[in-house]
>>> print(open('my_file-v2.json').read())   # JSON, C-alpha atoms and all ligand atoms
[["chain", "number", "residue", "atom", "x", "y", "z"],
["A", 11, "MET", "CA", 143.06, -86.03, 9.86],
["A", 12, "ASN", "CA", 142.70, -85.94, 13.62],
["A", 13, "GLY", "CA", 142.61, -88.20, 16.68],
["A", 14, "LYS", "CA", 139.57, -90.01, 15.30],
["A", 15, "THR", "CA", 141.45, -90.86, 12.11],
["A", 16, "ILE", "CA", 144.43, -92.07, 14.15],
["A", 17, "MET", "CA", 142.14, -94.29, 16.22],
["A", 18, "ALA", "CA", 140.49, -95.69, 13.08],
["A", 19, "CYS", "CA", 143.98, -96.58, 11.81],
["A", 20, "ILE", "CA", 144.86, -98.20, 15.15],
["A", 21, "ASP", "CA", 141.64, -100.25, 14.97],
["A", 22, "ALA", "CA", 142.53, -101.39, 11.45],
["A", 23, "ALA", "CA", 146.12, -102.30, 12.44],
["A", 24, "HIS", "CA", 144.91, -104.09, 15.56],
["A", 25, "GLY", "CA", 142.38, -106.11, 13.53],
["A", 26, "SER", "CA", 145.00, -107.22, 11.06],
["A", 27, "LEU", "CA", 147.61, -108.13, 13.70],
["A", 28, "THR", "CA", 144.98, -110.08, 15.66],
["A", 29, "ALA", "CA", 144.05, -112.03, 12.53],
["A", 30, "HIS", "CA", 147.72, -112.94, 11.99],
["A", 31, "THR", "CA", 148.68, -113.69, 15.60],
["A", 32, "ASP", "CA", 149.63, -117.34, 15.11],
["A", 33, "GLU", "CA", 151.59, -116.67, 11.95],
["A", 34, "ILE", "CA", 153.66, -113.86, 13.50],
["A", 35, "ALA", "CA", 154.18, -115.79, 16.73],
["A", 36, "LEU", "CA", 155.63, -118.61, 14.65],
["A", 37, "LEU", "CA", 157.93, -116.25, 12.72],
["A", 38, "ASP", "CA", 159.39, -114.91, 15.97],
["A", 39, "GLN", "CA", 159.70, -118.45, 17.36],
["A", 40, "GLN", "CA", 161.78, -119.33, 14.31],
["A", 41, "ILE", "CA", 164.32, -116.51, 14.56],
["A", 42, "GLY", "CA", 163.59, -114.81, 17.90],
["A", 43, "ASP", "CA", 161.89, -115.56, 21.19],
["A", 44, "GLY", "CA", 158.27, -115.67, 20.06],
["A", 45, "ASP", "CA", 157.02, -112.55, 21.82],
["A", 46, "HIS", "CA", 156.88, -110.02, 18.98],
["A", 47, "ILE", "CA", 153.16, -110.30, 18.20],
["A", 48, "PHE", "CA", 152.28, -110.29, 21.89],
["A", 49, "ASN", "CA", 154.38, -107.16, 22.43],
["A", 50, "MET", "CA", 152.59, -105.48, 19.54],
["A", 51, "LEU", "CA", 149.13, -106.58, 20.66],
["A", 52, "ARG", "CA", 149.79, -105.40, 24.22],
["A", 53, "GLY", "CA", 150.61, -101.97, 22.80],
["A", 54, "MET", "CA", 147.53, -101.96, 20.59],
["A", 55, "GLU", "CA", 145.31, -102.94, 23.49],
["A", 56, "ALA", "CA", 146.76, -100.14, 25.62],
["A", 57, "LEU", "CA", 145.83, -97.75, 22.80],
["A", 58, "LEU", "CA", 142.29, -99.12, 22.56],
["A", 59, "ALA", "CA", 141.96, -98.54, 26.31],
["A", 60, "VAL", "CA", 142.55, -94.80, 25.85],
["A", 61, "ARG", "CA", 140.36, -94.49, 22.74],
["A", 62, "ALA", "CA", 138.36, -91.50, 24.04],
["A", 63, "GLN", "CA", 141.53, -89.57, 24.91],
["A", 64, "ILE", "CA", 143.17, -90.23, 21.53],
["A", 65, "GLU", "CA", 139.98, -89.40, 19.63],
["A", 66, "ALA", "CA", 139.66, -86.07, 21.44],
["A", 67, "GLU", "CA", 143.13, -84.88, 20.33],
["A", 68, "ALA", "CA", 144.31, -83.22, 17.15],
["A", 69, "PHE", "CA", 146.50, -85.27, 14.78],
["A", 70, "GLY", "CA", 149.97, -84.56, 16.26],
["A", 71, "PRO", "CA", 149.00, -84.74, 19.95],
["A", 72, "ALA", "CA", 147.03, -87.97, 19.28],
["A", 73, "LEU", "CA", 150.19, -89.56, 17.85],
["A", 74, "GLU", "CA", 152.23, -88.26, 20.77],
["A", 75, "LEU", "CA", 149.78, -89.72, 23.29],
["A", 76, "ALA", "CA", 149.73, -93.05, 21.42],
["A", 77, "GLY", "CA", 153.53, -93.11, 21.43],
["A", 78, "SER", "CA", 153.79, -92.50, 25.15],
["A", 79, "LYS", "CA", 151.24, -95.28, 25.85],
["A", 80, "VAL", "CA", 153.21, -97.69, 23.68],
["A", 81, "LEU", "CA", 156.47, -96.79, 25.42],
["A", 82, "SER", "CA", 155.00, -97.44, 28.86],
["A", 83, "THR", "CA", 153.34, -100.76, 27.98],
["A", 84, "VAL", "CA", 155.40, -102.55, 25.34],
["A", 85, "GLY", "CA", 158.58, -104.44, 26.09],
["A", 86, "GLY", "CA", 161.09, -106.09, 23.77],
["A", 87, "SER", "CA", 162.86, -104.27, 20.98],
["A", 88, "SER", "CA", 159.62, -103.33, 19.32],
["A", 89, "GLY", "CA", 158.24, -101.18, 22.16],
["A", 90, "PRO", "CA", 160.85, -98.40, 21.92],
["A", 91, "LEU", "CA", 160.93, -98.76, 18.13],
["A", 92, "PHE", "CA", 157.17, -98.44, 17.70],
["A", 93, "PHE", "CA", 157.26, -95.51, 20.14],
["A", 94, "SER", "CA", 159.93, -93.85, 18.00],
["A", 95, "LEU", "CA", 157.78, -94.21, 14.88],
["A", 96, "LEU", "CA", 154.74, -92.61, 16.52],
["A", 97, "ASN", "CA", 156.70, -89.95, 18.36],
["A", 98, "GLY", "CA", 158.85, -89.08, 15.34],
["A", 99, "MET", "CA", 155.65, -88.62, 13.32],
["A", 100, "ALA", "CA", 154.09, -86.54, 16.11],
["A", 101, "LYS", "CA", 157.07, -84.17, 16.17],
["A", 102, "ALA", "CA", 157.01, -83.75, 12.38],
["A", 103, "ALA", "CA", 153.25, -83.16, 12.39],
["A", 104, "ALA", "CA", 153.81, -79.75, 13.97],
["A", 105, "SER", "CA", 155.70, -78.41, 10.96],
["A", 106, "ASN", "CA", 154.02, -80.16, 8.02],
["A", 107, "GLY", "CA", 150.72, -79.68, 6.21],
["A", 108, "MET", "CA", 147.97, -82.30, 6.12],
["A", 109, "ASP", "CA", 148.42, -82.98, 2.40],
["A", 110, "VAL", "CA", 150.12, -85.90, 0.60],
["A", 111, "ALA", "CA", 153.53, -84.21, 0.70],
["A", 112, "GLY", "CA", 153.11, -83.34, 4.38],
["A", 113, "PHE", "CA", 152.16, -86.90, 5.28],
["A", 114, "ALA", "CA", 155.06, -88.30, 3.28],
["A", 115, "ARG", "CA", 157.44, -86.13, 5.32],
["A", 116, "ILE", "CA", 155.70, -87.01, 8.57],
["A", 117, "PHE", "CA", 155.97, -90.75, 7.87],
["A", 118, "ALA", "CA", 159.60, -90.40, 6.78],
["A", 119, "ALA", "CA", 160.39, -88.54, 10.01],
["A", 120, "GLY", "CA", 158.86, -91.40, 12.02],
["A", 121, "VAL", "CA", 160.92, -93.95, 10.09],
["A", 122, "ASP", "CA", 164.07, -91.85, 10.60],
["A", 123, "ALA", "CA", 163.38, -91.86, 14.34],
["A", 124, "VAL", "CA", 163.13, -95.68, 14.29],
["A", 125, "GLY", "CA", 166.44, -95.80, 12.43],
["A", 126, "GLN", "CA", 168.11, -93.62, 15.04],
["A", 127, "ARG", "CA", 166.69, -95.63, 17.91],
["A", 128, "GLY", "CA", 167.54, -99.03, 16.40],
["A", 129, "LYS", "CA", 170.74, -97.83, 14.70],
["A", 130, "THR", "CA", 169.88, -99.61, 11.52],
["A", 131, "GLY", "CA", 168.93, -99.06, 7.89],
["A", 132, "VAL", "CA", 168.04, -101.49, 5.11],
["A", 133, "GLY", "CA", 169.54, -104.96, 4.81],
["A", 134, "SER", "CA", 169.68, -105.98, 8.49],
["A", 135, "LYS", "CA", 166.49, -108.08, 8.23],
["A", 136, "THR", "CA", 164.29, -105.92, 10.44],
["A", 137, "MET", "CA", 161.12, -103.87, 10.18],
["A", 138, "MET", "CA", 163.31, -101.19, 8.55],
["A", 139, "ASP", "CA", 163.43, -103.31, 5.41],
["A", 140, "VAL", "CA", 159.73, -102.53, 5.03],
["A", 141, "LEU", "CA", 159.57, -99.05, 6.56],
["A", 142, "ILE", "CA", 162.42, -97.45, 4.61],
["A", 143, "PRO", "CA", 161.36, -98.45, 1.07],
["A", 144, "VAL", "CA", 157.76, -97.48, 1.86],
["A", 145, "ALA", "CA", 158.82, -94.09, 3.24],
["A", 146, "ARG", "CA", 161.01, -93.46, 0.18],
["A", 147, "ARG", "CA", 158.30, -94.42, -2.32],
["A", 148, "PHE", "CA", 155.79, -92.28, -0.43],
["A", 149, "GLU", "CA", 158.10, -89.27, -0.76],
["A", 150, "GLU", "CA", 158.76, -90.00, -4.46],
["A", 151, "LEU", "CA", 155.03, -90.26, -5.18],
["A", 152, "ALA", "CA", 154.36, -87.07, -3.23],
["A", 153, "ALA", "CA", 157.12, -85.25, -5.15],
["A", 154, "ALA", "CA", 155.54, -86.42, -8.41],
["A", 155, "GLY", "CA", 152.21, -84.96, -7.32],
["A", 156, "ALA", "CA", 150.41, -88.29, -6.90],
["A", 157, "PRO", "CA", 146.93, -88.05, -5.39],
["A", 158, "ALA", "CA", 146.22, -89.73, -2.03],
["A", 159, "ALA", "CA", 144.30, -92.60, -3.64],
["A", 160, "ALA", "CA", 147.28, -93.49, -5.86],
["A", 161, "VAL", "CA", 149.63, -93.46, -2.86],
["A", 162, "LEU", "CA", 147.31, -95.68, -0.82],
["A", 163, "ASP", "CA", 147.19, -98.12, -3.75],
["A", 164, "ALA", "CA", 150.92, -98.17, -4.39],
["A", 165, "LEU", "CA", 152.35, -98.59, -0.90],
["A", 166, "PRO", "CA", 150.82, -101.94, 0.23],
["A", 167, "PRO", "CA", 152.24, -104.01, -2.66],
["A", 168, "LEU", "CA", 155.68, -102.45, -2.12],
["A", 169, "ALA", "CA", 155.44, -103.21, 1.61],
["A", 170, "GLU", "CA", 154.56, -106.82, 0.81],
["A", 171, "GLU", "CA", 157.40, -107.26, -1.67],
["A", 172, "SER", "CA", 159.81, -105.71, 0.85],
["A", 173, "MET", "CA", 158.55, -107.95, 3.66],
["A", 174, "LEU", "CA", 159.00, -111.07, 1.49],
["A", 175, "ALA", "CA", 162.55, -109.98, 0.64],
["A", 176, "THR", "CA", 163.58, -110.29, 4.30],
["A", 177, "ARG", "CA", 163.33, -114.09, 3.92],
["A", 178, "ASP", "CA", 166.63, -114.23, 2.04],
["A", 179, "MET", "CA", 168.49, -111.84, 4.33],
["A", 180, "ILE", "CA", 170.86, -112.68, 7.17],
["A", 181, "ALA", "CA", 169.92, -110.80, 10.33],
["A", 182, "THR", "CA", 172.59, -108.45, 11.64],
["A", 183, "LYS", "CA", 170.44, -106.60, 14.21],
["A", 184, "GLY", "CA", 168.30, -107.72, 17.11],
["A", 185, "ARG", "CA", 167.82, -111.18, 18.54],
["A", 186, "ALA", "CA", 167.72, -112.89, 15.12],
["A", 187, "SER", "CA", 171.32, -111.79, 14.52],
["A", 188, "PHE", "CA", 172.45, -114.38, 17.11],
["A", 189, "LEU", "CA", 171.45, -117.02, 14.55],
["A", 190, "GLY", "CA", 173.70, -115.62, 11.82],
["A", 191, "GLU", "CA", 173.36, -117.67, 8.62],
["A", 192, "ARG", "CA", 170.54, -119.72, 10.20],
["A", 193, "SER", "CA", 168.30, -116.65, 10.19],
["A", 194, "ARG", "CA", 168.11, -116.97, 6.40],
["A", 195, "GLY", "CA", 164.98, -118.62, 5.05],
["A", 196, "HIS", "CA", 162.58, -116.99, 7.53],
["A", 197, "ILE", "CA", 160.61, -113.78, 7.14],
["A", 198, "ASP", "CA", 161.38, -111.22, 9.83],
["A", 199, "PRO", "CA", 158.43, -110.94, 12.25],
["A", 200, "GLY", "CA", 158.77, -107.16, 12.61],
["A", 201, "ALA", "CA", 158.80, -106.78, 8.83],
["A", 202, "ARG", "CA", 155.61, -108.86, 8.64],
["A", 203, "SER", "CA", 153.81, -106.90, 11.37],
["A", 204, "SER", "CA", 154.90, -103.58, 9.83],
["A", 205, "GLN", "CA", 153.71, -104.66, 6.38],
["A", 206, "LEU", "CA", 150.35, -105.82, 7.74],
["A", 207, "MET", "CA", 149.86, -102.54, 9.61],
["A", 208, "ILE", "CA", 150.76, -100.50, 6.51],
["A", 209, "ALA", "CA", 148.30, -102.50, 4.39],
["A", 210, "ALA", "CA", 145.53, -102.16, 7.00],
["A", 211, "VAL", "CA", 146.07, -98.43, 7.50],
["A", 212, "CYS", "CA", 146.18, -97.74, 3.73],
["A", 213, "ALA", "CA", 142.97, -99.74, 3.21],
["A", 214, "ARG", "CA", 141.27, -97.85, 6.03],
["A", 215, "LEU", "CA", 142.37, -94.45, 4.76],
["A", 216, "ALA", "CA", 141.36, -95.33, 1.19],
["A", 217, "GLN", "CA", 137.79, -95.87, 2.44],
["A", 218, "SER", "CA", 137.60, -92.37, 3.86],
["A", 219, "SER", "CA", 139.51, -90.41, 1.21],
["A", 301, "LIG", "P1", 162.83, -108.77, 20.91],
["A", 301, "LIG", "O1", 163.69, -109.01, 19.73],
["A", 301, "LIG", "O2", 163.47, -107.93, 21.96],
["A", 301, "LIG", "O3", 162.19, -110.03, 21.42],
["A", 301, "LIG", "P2", 160.37, -108.17, 19.49],
["A", 301, "LIG", "O4", 160.22, -109.63, 19.35],
["A", 301, "LIG", "O5", 159.19, -107.42, 20.02],
["A", 301, "LIG", "O6", 161.64, -107.82, 20.39],
["A", 301, "LIG", "O7", 160.71, -107.51, 18.09],
["A", 301, "LIG", "C1", 161.53, -108.17, 17.16],
["A", 301, "LIG", "C2", 161.54, -107.34, 15.89],
["A", 301, "LIG", "O8", 162.13, -106.08, 16.15],
["A", 301, "LIG", "C3", 162.37, -107.96, 14.80],
["A", 301, "LIG", "O9", 161.59, -108.86, 14.04],
["A", 301, "LIG", "C4", 162.84, -106.77, 13.98],
["A", 301, "LIG", "O10", 161.97, -106.47, 12.93],
["A", 301, "LIG", "C5", 162.78, -105.64, 14.98],
["A", 301, "LIG", "N1", 164.12, -105.16, 15.36],
["A", 301, "LIG", "C6", 165.00, -105.76, 16.18],
["A", 301, "LIG", "N2", 166.09, -105.00, 16.33],
["A", 301, "LIG", "C7", 165.90, -103.89, 15.57],
["A", 301, "LIG", "C8", 166.66, -102.70, 15.28],
["A", 301, "LIG", "N3", 167.86, -102.49, 15.84],
["A", 301, "LIG", "N4", 166.13, -101.78, 14.44],
["A", 301, "LIG", "C9", 164.91, -101.98, 13.90],
["A", 301, "LIG", "N5", 164.15, -103.06, 14.13],
["A", 301, "LIG", "C10", 164.63, -104.00, 14.94],
["A", 302, "MG", "MG", 160.93, -111.28, 20.27]]
>>> encode(input="my_file-v2.json", output="structure tokens", more="lines below")
Ligand code: ADP
Ligand code: MG
Amino acid sequence: MNGKTIMACIDAAHGSLTAHTDEIALLDQQIGDGDHIFNMLRGMEALLAVRAQIEAEAFGPALELAGSKVLSTVGGSSGPLFFSLLNGMAKAAASNGMDVAGFARIFAAGVDAVGQRGKTGVGSKTMMDVLIPVARRFEELAAAGAPAAAVLDALPPLAEESMLATRDMIATKGRASFLGERSRGHIDPGARSSQLMIAAVCARLAQSS
């Protein structure tokens, strides 16, 4: 795991978000202002533009560099939140091993950082409704000694189920919360983009592990 792996994951996430642009734009038009996918793609494109720099770094510094690029290019709520995920993971990378348990803790630290930044947990109809259950399951699987391949198989279906569950929630955070009860019946765009990125990254890592 190094900068090259991080970049391969960014490529996979970028490919999946690009393929779902119209769908995610529509989700954010329904309960937000329509910009979520474009915010995310702007960040991804900024990362692709510094490919050589990211690829040259070790795992933690590559995440840190990616985070700082995202922070300086992405607006909306998702810019600082996506930065927090990458930067929280980068910080935890310094004190954790590159094994399943280490990665579970690194991912959980990134998700914790998003929670602190956005001041939210589960049930507010945000990306956290995908990130938190995935981080928890990852840690449970790691504690049970699951091999990497089993983790990479188990997380995408959980992410999908968690993303779909946001449809029945009422938003209490972010722009969608202005709609109150009317936010019900629509999947949260940040939950959808997070789930797609998790699925793409797991599929990419499963190829190489
Ligand atoms: P904005 O809402 O400023 O237009 P985006 O459209 O880029 O920003 O992002 C919207 C997404 O951000 C939502 O779909 C939701 O998943 C996520 N979000 C909003 N507020 C929060 C928060 N406080 N914590 C975590 N995620 C949030
Ligand atoms: Mg928006």
>>> residues_near_ligand(input="my_file-v2.json", ligand="ligand MG 302 (chain A)", cutoff="9 Å", atoms="only C-alpha atoms and all ligand atoms", output="MDAnalysis selection string")
chainID A and resid 35 38:39 41:49 86:88 184:186 199:200
>>> closest_residue(input="my_file-v2.json", among="A:Ala114, A:Leu162, A:Leu27, A:Leu95", to="Arg127 (chain A)", atoms="all atoms listed in the file")
A:Leu95
>>> axis_aligned_box(input="my_file-v2.json", around="region 40-59 of chain A", padding_each_side="3 Å", output="AutoDock Vina command-line options")
--center_x 153.1 --center_y -108.5 --center_z 20.3 --size_x 28.4 --size_y 27.6 --size_z 18.0
>>> atom_distance(input="my_file-v2.json", atom1="CA of Lys101 (chain A)", atom2="CA of Thr83 (chain A)")
20.7 Å
>>> atom_distance(input="my_file-v2.json", atom1="CA of Lys79 (chain A)", atom2="CA of Ser218 (chain A)")
26.0 Å
>>> residues_around(input="my_file-v2.json", residues="region 11-23 of chain A", least_positions_apart="3", cutoff="12 Å", atoms="all atoms listed in the file", output="ChimeraX atom specification")
/A:26-30,50-51,53-77,80,96,99-100,103,107-110,112-113,203-219
>>> write_last_selection(input="my_file-v2.json", atoms="C-alpha atoms", output="PDB file, in the frame of the given file")
ATOM      1  CA  SER A  26     145.000-107.220  11.060  1.00  0.00           C
ATOM      2  CA  LEU A  27     147.610-108.130  13.700  1.00  0.00           C
ATOM      3  CA  THR A  28     144.980-110.080  15.660  1.00  0.00           C
ATOM      4  CA  ALA A  29     144.050-112.030  12.530  1.00  0.00           C
ATOM      5  CA  HIS A  30     147.720-112.940  11.990  1.00  0.00           C
ATOM      6  CA  MET A  50     152.590-105.480  19.540  1.00  0.00           C
ATOM      7  CA  LEU A  51     149.130-106.580  20.660  1.00  0.00           C
ATOM      8  CA  GLY A  53     150.610-101.970  22.800  1.00  0.00           C
ATOM      9  CA  MET A  54     147.530-101.960  20.590  1.00  0.00           C
ATOM     10  CA  GLU A  55     145.310-102.940  23.490  1.00  0.00           C
ATOM     11  CA  ALA A  56     146.760-100.140  25.620  1.00  0.00           C
ATOM     12  CA  LEU A  57     145.830 -97.750  22.800  1.00  0.00           C
ATOM     13  CA  LEU A  58     142.290 -99.120  22.560  1.00  0.00           C
ATOM     14  CA  ALA A  59     141.960 -98.540  26.310  1.00  0.00           C
ATOM     15  CA  VAL A  60     142.550 -94.800  25.850  1.00  0.00           C
ATOM     16  CA  ARG A  61     140.360 -94.490  22.740  1.00  0.00           C
ATOM     17  CA  ALA A  62     138.360 -91.500  24.040  1.00  0.00           C
ATOM     18  CA  GLN A  63     141.530 -89.570  24.910  1.00  0.00           C
ATOM     19  CA  ILE A  64     143.170 -90.230  21.530  1.00  0.00           C
ATOM     20  CA  GLU A  65     139.980 -89.400  19.630  1.00  0.00           C
ATOM     21  CA  ALA A  66     139.660 -86.070  21.440  1.00  0.00           C
ATOM     22  CA  GLU A  67     143.130 -84.880  20.330  1.00  0.00           C
ATOM     23  CA  ALA A  68     144.310 -83.220  17.150  1.00  0.00           C
ATOM     24  CA  PHE A  69     146.500 -85.270  14.780  1.00  0.00           C
ATOM     25  CA  GLY A  70     149.970 -84.560  16.260  1.00  0.00           C
ATOM     26  CA  PRO A  71     149.000 -84.740  19.950  1.00  0.00           C
ATOM     27  CA  ALA A  72     147.030 -87.970  19.280  1.00  0.00           C
ATOM     28  CA  LEU A  73     150.190 -89.560  17.850  1.00  0.00           C
ATOM     29  CA  GLU A  74     152.230 -88.260  20.770  1.00  0.00           C
ATOM     30  CA  LEU A  75     149.780 -89.720  23.290  1.00  0.00           C
ATOM     31  CA  ALA A  76     149.730 -93.050  21.420  1.00  0.00           C
ATOM     32  CA  GLY A  77     153.530 -93.110  21.430  1.00  0.00           C
ATOM     33  CA  VAL A  80     153.210 -97.690  23.680  1.00  0.00           C
ATOM     34  CA  LEU A  96     154.740 -92.610  16.520  1.00  0.00           C
ATOM     35  CA  MET A  99     155.650 -88.620  13.320  1.00  0.00           C
ATOM     36  CA  ALA A 100     154.090 -86.540  16.110  1.00  0.00           C
ATOM     37  CA  ALA A 103     153.250 -83.160  12.390  1.00  0.00           C
ATOM     38  CA  GLY A 107     150.720 -79.680   6.210  1.00  0.00           C
ATOM     39  CA  MET A 108     147.970 -82.300   6.120  1.00  0.00           C
ATOM     40  CA  ASP A 109     148.420 -82.980   2.400  1.00  0.00           C
ATOM     41  CA  VAL A 110     150.120 -85.900   0.600  1.00  0.00           C
ATOM     42  CA  GLY A 112     153.110 -83.340   4.380  1.00  0.00           C
ATOM     43  CA  PHE A 113     152.160 -86.900   5.280  1.00  0.00           C
ATOM     44  CA  SER A 203     153.810-106.900  11.370  1.00  0.00           C
ATOM     45  CA  SER A 204     154.900-103.580   9.830  1.00  0.00           C
ATOM     46  CA  GLN A 205     153.710-104.660   6.380  1.00  0.00           C
ATOM     47  CA  LEU A 206     150.350-105.820   7.740  1.00  0.00           C
ATOM     48  CA  MET A 207     149.860-102.540   9.610  1.00  0.00           C
ATOM     49  CA  ILE A 208     150.760-100.500   6.510  1.00  0.00           C
ATOM     50  CA  ALA A 209     148.300-102.500   4.390  1.00  0.00           C
ATOM     51  CA  ALA A 210     145.530-102.160   7.000  1.00  0.00           C
ATOM     52  CA  VAL A 211     146.070 -98.430   7.500  1.00  0.00           C
ATOM     53  CA  CYS A 212     146.180 -97.740   3.730  1.00  0.00           C
ATOM     54  CA  ALA A 213     142.970 -99.740   3.210  1.00  0.00           C
ATOM     55  CA  ARG A 214     141.270 -97.850   6.030  1.00  0.00           C
ATOM     56  CA  LEU A 215     142.370 -94.450   4.760  1.00  0.00           C
ATOM     57  CA  ALA A 216     141.360 -95.330   1.190  1.00  0.00           C
ATOM     58  CA  GLN A 217     137.790 -95.870   2.440  1.00  0.00           C
ATOM     59  CA  SER A 218     137.600 -92.370   3.860  1.00  0.00           C
ATOM     60  CA  SER A 219     139.510 -90.410   1.210  1.00  0.00           C
TER      61      SER A 219
END
>>> decode(input="my_file-v2.json", residues="region 149-167 of chain A", atoms="N, CA, C and O atoms", output="PDB file, in the first residue's frame")
ATOM      1  N   GLU A 149     -14.198  -2.933  11.270  1.00  0.00           N
ATOM      2  CA  GLU A 149     -13.498  -3.198  12.529  1.00  0.00           C
ATOM      3  C   GLU A 149     -13.912  -4.535  13.138  1.00  0.00           C
ATOM      4  O   GLU A 149     -13.081  -5.258  13.678  1.00  0.00           O
ATOM      5  N   GLU A 150     -15.209  -4.876  13.015  1.00  0.00           N
ATOM      6  CA  GLU A 150     -15.673  -6.175  13.536  1.00  0.00           C
ATOM      7  C   GLU A 150     -15.010  -7.323  12.780  1.00  0.00           C
ATOM      8  O   GLU A 150     -14.565  -8.301  13.383  1.00  0.00           O
ATOM      9  N   LEU A 151     -14.959  -7.202  11.459  1.00  0.00           N
ATOM     10  CA  LEU A 151     -14.345  -8.259  10.647  1.00  0.00           C
ATOM     11  C   LEU A 151     -12.862  -8.385  10.975  1.00  0.00           C
ATOM     12  O   LEU A 151     -12.334  -9.492  11.083  1.00  0.00           O
ATOM     13  N   ALA A 152     -12.210  -7.230  11.137  1.00  0.00           N
ATOM     14  CA  ALA A 152     -10.778  -7.250  11.465  1.00  0.00           C
ATOM     15  C   ALA A 152     -10.562  -7.921  12.819  1.00  0.00           C
ATOM     16  O   ALA A 152      -9.660  -8.754  12.970  1.00  0.00           O
ATOM     17  N   ALA A 153     -11.432  -7.588  13.788  1.00  0.00           N
ATOM     18  CA  ALA A 153     -11.300  -8.179  15.135  1.00  0.00           C
ATOM     19  C   ALA A 153     -11.506  -9.685  15.094  1.00  0.00           C
ATOM     20  O   ALA A 153     -10.915 -10.427  15.877  1.00  0.00           O
ATOM     21  N   ALA A 154     -12.346 -10.136  14.140  1.00  0.00           N
ATOM     22  CA  ALA A 154     -12.612 -11.572  14.025  1.00  0.00           C
ATOM     23  C   ALA A 154     -11.542 -12.277  13.189  1.00  0.00           C
ATOM     24  O   ALA A 154     -11.643 -13.481  12.932  1.00  0.00           O
ATOM     25  N   GLY A 155     -10.564 -11.519  12.733  1.00  0.00           N
ATOM     26  CA  GLY A 155      -9.459 -12.123  11.982  1.00  0.00           C
ATOM     27  C   GLY A 155      -9.773 -12.399  10.514  1.00  0.00           C
ATOM     28  O   GLY A 155      -9.115 -13.227   9.880  1.00  0.00           O
ATOM     29  N   ALA A 156     -10.765 -11.702   9.969  1.00  0.00           N
ATOM     30  CA  ALA A 156     -11.135 -11.939   8.565  1.00  0.00           C
ATOM     31  C   ALA A 156      -9.987 -11.553   7.630  1.00  0.00           C
ATOM     32  O   ALA A 156      -9.327 -10.540   7.854  1.00  0.00           O
ATOM     33  N   PRO A 157      -9.768 -12.363   6.591  1.00  0.00           N
ATOM     34  CA  PRO A 157      -8.743 -11.982   5.610  1.00  0.00           C
ATOM     35  C   PRO A 157      -9.220 -10.819   4.730  1.00  0.00           C
ATOM     36  O   PRO A 157     -10.430 -10.563   4.635  1.00  0.00           O
ATOM     37  N   ALA A 158      -8.278 -10.131   4.088  1.00  0.00           N
ATOM     38  CA  ALA A 158      -8.606  -8.959   3.275  1.00  0.00           C
ATOM     39  C   ALA A 158      -9.696  -9.269   2.242  1.00  0.00           C
ATOM     40  O   ALA A 158     -10.634  -8.474   2.062  1.00  0.00           O
ATOM     41  N   ALA A 159      -9.584 -10.414   1.582  1.00  0.00           N
ATOM     42  CA  ALA A 159     -10.549 -10.739   0.522  1.00  0.00           C
ATOM     43  C   ALA A 159     -11.972 -10.796   1.076  1.00  0.00           C
ATOM     44  O   ALA A 159     -12.924 -10.346   0.418  1.00  0.00           O
ATOM     45  N   ALA A 160     -12.131 -11.328   2.286  1.00  0.00           N
ATOM     46  CA  ALA A 160     -13.464 -11.434   2.893  1.00  0.00           C
ATOM     47  C   ALA A 160     -14.005 -10.048   3.231  1.00  0.00           C
ATOM     48  O   ALA A 160     -15.202  -9.765   3.066  1.00  0.00           O
ATOM     49  N   VAL A 161     -13.127  -9.165   3.695  1.00  0.00           N
ATOM     50  CA  VAL A 161     -13.535  -7.794   4.020  1.00  0.00           C
ATOM     51  C   VAL A 161     -13.987  -7.076   2.747  1.00  0.00           C
ATOM     52  O   VAL A 161     -15.046  -6.430   2.711  1.00  0.00           O
ATOM     53  N   LEU A 162     -13.202  -7.219   1.690  1.00  0.00           N
ATOM     54  CA  LEU A 162     -13.502  -6.526   0.430  1.00  0.00           C
ATOM     55  C   LEU A 162     -14.799  -7.035  -0.201  1.00  0.00           C
ATOM     56  O   LEU A 162     -15.443  -6.320  -0.956  1.00  0.00           O
ATOM     57  N   ASP A 163     -15.161  -8.273   0.125  1.00  0.00           N
ATOM     58  CA  ASP A 163     -16.429  -8.857  -0.344  1.00  0.00           C
ATOM     59  C   ASP A 163     -17.613  -8.373   0.476  1.00  0.00           C
ATOM     60  O   ASP A 163     -18.709  -8.188  -0.029  1.00  0.00           O
ATOM     61  N   ALA A 164     -17.380  -8.214   1.786  1.00  0.00           N
ATOM     62  CA  ALA A 164     -18.484  -7.954   2.716  1.00  0.00           C
ATOM     63  C   ALA A 164     -18.906  -6.491   2.745  1.00  0.00           C
ATOM     64  O   ALA A 164     -20.081  -6.189   2.978  1.00  0.00           O
ATOM     65  N   LEU A 165     -17.969  -5.574   2.541  1.00  0.00           N
ATOM     66  CA  LEU A 165     -18.303  -4.160   2.741  1.00  0.00           C
ATOM     67  C   LEU A 165     -19.208  -3.561   1.661  1.00  0.00           C
ATOM     68  O   LEU A 165     -20.137  -2.805   2.000  1.00  0.00           O
ATOM     69  N   PRO A 166     -19.004  -3.860   0.362  1.00  0.00           N
ATOM     70  CA  PRO A 166     -19.878  -3.229  -0.645  1.00  0.00           C
ATOM     71  C   PRO A 166     -21.374  -3.520  -0.473  1.00  0.00           C
ATOM     72  O   PRO A 166     -22.175  -2.574  -0.561  1.00  0.00           O
ATOM     73  N   PRO A 167     -21.780  -4.764  -0.205  1.00  0.00           N
ATOM     74  CA  PRO A 167     -23.227  -4.971  -0.014  1.00  0.00           C
ATOM     75  C   PRO A 167     -23.782  -4.214   1.199  1.00  0.00           C
ATOM     76  O   PRO A 167     -24.901  -3.709   1.159  1.00  0.00           O
TER      77      PRO A 167
END
